[in-house]
Amino acid sequence: MAVVFENTTGWVLDACSLIDRGHSRCIQWREGQQSHIKCCFKRQCFEVLKSHFSAESSGVLDSDMIAKTDTLFKPSKKRKRKHSDLNQGEIDSQAWHEKIRSVILEGTKSLVDAVRSHGYLKGVADAVEEPIPTQECSLAALCDMAKELPLVEDGDQDRVQLLGDDDGCTSHLDLFSRITENSTDWAMVVSLMGERYVIPPHAAFFLSDFTRMQPLVHYGKKFELIVMDPPWENKSLKRSRRYSSLPSSQLKRLPIPLLASPSCLVVTWVTNRPSHLRFVRDELYPHWGVEVLAEWFWVKVTRSGQFVFPLDSQHKKPYEVLVLGRYRCCTKNSPSSSATSEVPVEDQRVIVSVPSALHSHKPSLSEVLKPYVGAEAKCLELFARSLQPGWTSWGNEVIKFQHANYFTITPTDDTTHIPNGNTTGNPNDSTTGNPTDRTTGNPTDRTTDTTVVSPPGKPSPPGHFPPPVE
């Protein structure tokens, strides 16, 4: 199941199952021949078993959590820095943390306690003892080289190219100046630039850097949901050199007003630096005409339900922030916000999940955001590093985590829901995949692979697990 549990506090997600649901049934071509396969994201990427606590600290979320708040997260015996030793940024971070600490603590306890009573987040006895897959990614460098290539002219009708044509041949595809689509009802494994990638059904992507977004603007789509994970500047990123960062001021150049439909929900991942949060709330969103509505928190826990880092750590926190807002267009011909039906977005909700061991591999928000935009919403992810079924994605490493090395690929004789011709169907139908139950390692029954979300406009029940699909 993808959404394990939901209550008024938030959600518990199984991030790996969210990926598997869109990739588990695939086709691939080898020497012009089509074959049926099953793709599952490698389980060891989500085998986060231990938290990064000092010997004197405990991260266990037990039933006495709230009563033991002051003793549960004891500081280590290392000398604690005096307040006078902190710079202004660190002082602001401490103040921000104290403001939201109880929301994180109590919300996480509520959600973890609920799923533990049903056997989830209670540790694993069958952990996958295999190395985390690695794959050298040169996509960003290729995007730099592609700046020398001409872009598709505005009048060119071939700005969109389809996968799956010509018996799986992909050598003719131009990934750097055209939108690439898998318009079929099934995932497919294709060869792109000499590497194999798994492309989910009804997914579209565009590979480019920040300076060459014109094809995305000219794509002809307006989106009801835009999610972005900007490469924020920070010291650890500069030291690691994992990827290039982007100055905050440059984010204002993103063409959100050209991509957003009226009342589009805009969601931005923000680091725990208060300066970045203030920038999004006070400068970036107002610049785009986006009204700030809420702040949510993604809390990272181990397979045993512990925080991955001490809650009060001065270095790394076990949570990240999401800022949610709605685009308020001001054109005369567009429907007013009052005329557009909207679902209110609650403030300070908590999303709990086991994080990926792969750097900057965020969980999919598709299911938790669906009630606020509708099941048929057109969705866009900016600065993406993976693809989602039915979404459009852009970034200079947009297919990084779609590389076949991150998936377990096995042949299958089960051709159900994998037609040989053009058909219609729902790529997100829960019957199109049979993912692995991450609590046991065993395959789940197909009827339990359903999400727990309320219809737009209807409140969520106090707390519930996915019901069986009839």
# chains A, B, ... in the order shown; residues from 1 in each chain; ligands from 1

$ select_by_dssp --residues "segment 301-379 of chain A" --states "alpha helix (DSSP H)" --output "number ranges by chain"
A: 366-373

$ atom_distance --atom1 "atom CA of Lys378 of chain A" --atom2 "atom CA of Trp186 of chain A"
18.4 Å

$ closest_residue --among "A:Val343, A:Ile199, A:Leu387, A:Leu322" --to "Gln28 of chain A" --atoms "only C-alpha atoms"
A:Ile199

$ closest_residue --among "A:Trp288, A:Trp96, A:Tyr327, A:Tyr120" --to "Val12 of chain A" --atoms "only C-alpha atoms"
A:Tyr120

$ closest_residue --among "A:Asp174, A:Glu31, A:Asp92, A:Asp209" --to "Leu192 of chain A" --atoms "only C-alpha atoms"
A:Asp174

$ closest_atom_pairs --of "segment 4-54 of chain A" --to "segment 121-124 of chain A" --cutoff "10 Å" --atoms "only C-alpha atoms" --output "Markdown table"
| residue | atom | partner | partner_atom | distance |
| --- | --- | --- | --- | --- |
| A:Val12 | CA | A:Leu121 | CA | 9.9 |
| A:Glu47 | CA | A:Val124 | CA | 9.0 |
| A:Val48 | CA | A:Gly123 | CA | 9.8 |
| A:Leu49 | CA | A:Gly123 | CA | 7.3 |
| A:Lys50 | CA | A:Gly123 | CA | 9.7 |

$ closest_residue --among "A:Val227, A:Val352, A:Ala114, A:Val189" --to "Arg303 of chain A" --atoms "only C-alpha atoms"
A:Val352

$ atom_distance --atom1 "atom CA of Thr408 of chain A" --atom2 "atom CA of Glu6 of chain A"
29.4 Å

$ residues_around --residues "Leu175 of chain A" --least-positions-apart "5" --cutoff "9 Å" --atoms "only C-alpha atoms" --output "list in words"
Gln161, Thr180, Leu192, Phe205, Phe206, Leu207 and Ser208 of chain A

$ write_last_selection --atoms "N, CA, C and O atoms" --output "compact mmCIF listing (two decimals), in the first residue's frame"
# COMPACT_ATOMS: atom_id res chain seq x y z
N GLN A 161 7.68 14.46 -28.60
CA GLN A 161 8.05 13.19 -29.23
C GLN A 161 7.59 12.05 -28.33
O GLN A 161 7.60 12.16 -27.11
N THR A 180 9.46 14.74 -24.09
CA THR A 180 9.36 13.32 -24.39
C THR A 180 8.23 12.72 -23.58
O THR A 180 8.14 12.93 -22.37
N LEU A 192 18.20 5.27 -23.63
CA LEU A 192 18.36 6.70 -23.90
C LEU A 192 19.82 7.06 -23.68
O LEU A 192 20.37 6.84 -22.60
N PHE A 205 8.55 14.20 -19.86
CA PHE A 205 9.69 14.83 -19.21
C PHE A 205 10.47 15.68 -20.21
O PHE A 205 10.42 15.46 -21.42
N PHE A 206 11.19 16.64 -19.65
CA PHE A 206 12.04 17.51 -20.45
C PHE A 206 13.36 17.68 -19.70
O PHE A 206 13.38 18.07 -18.54
N LEU A 207 14.45 17.37 -20.38
CA LEU A 207 15.79 17.41 -19.80
C LEU A 207 16.49 18.69 -20.24
O LEU A 207 16.84 18.85 -21.42
N SER A 208 16.67 19.62 -19.32
CA SER A 208 17.36 20.87 -19.66
C SER A 208 17.80 21.56 -18.38
O SER A 208 17.39 21.19 -17.28

$ select_by_dssp --residues "segment 167-361 of chain A" --states "strand (DSSP E)" --output "PyMOL selection string"
chain A and resi 179-182+187-192+195-199+203-207+223-228+260-270+290-300+319-327+350-353

$ closest_residue --among "A:Arg385, A:His276, A:Lys42, A:His403" --to "Ala140 of chain A" --atoms "only C-alpha atoms"
A:Arg385

$ residues_around --residues "Ala203 of chain A" --least-positions-apart "2" --cutoff "6 Å" --atoms "only C-alpha atoms" --output "number ranges by chain"
A: 181-182, 200-201, 389-392

$ write_last_selection --atoms "C-alpha atoms" --output "short mmCIF file (atom, residue, chain, number, x, y, z; two decimals), in the first residue's frame"
data_model
loop_
_atom_site.label_atom_id
_atom_site.label_comp_id
_atom_site.auth_asym_id
_atom_site.auth_seq_id
_atom_site.Cartn_x
_atom_site.Cartn_y
_atom_site.Cartn_z
CA GLU A 181 6.18 11.39 -23.58
CA ASN A 182 5.23 7.84 -22.75
CA PRO A 200 6.27 5.21 -16.10
CA PRO A 201 2.95 5.31 -17.97
CA PRO A 389 2.82 8.29 -13.72
CA GLY A 390 0.65 10.94 -15.34
CA TRP A 391 2.99 13.81 -14.42
CA THR A 392 5.16 16.16 -16.45
#

$ closest_residue --among "A:Arg273, A:Arg349, A:Lys38, A:Lys370" --to "Asn7 of chain A" --atoms "only C-alpha atoms"
A:Arg349
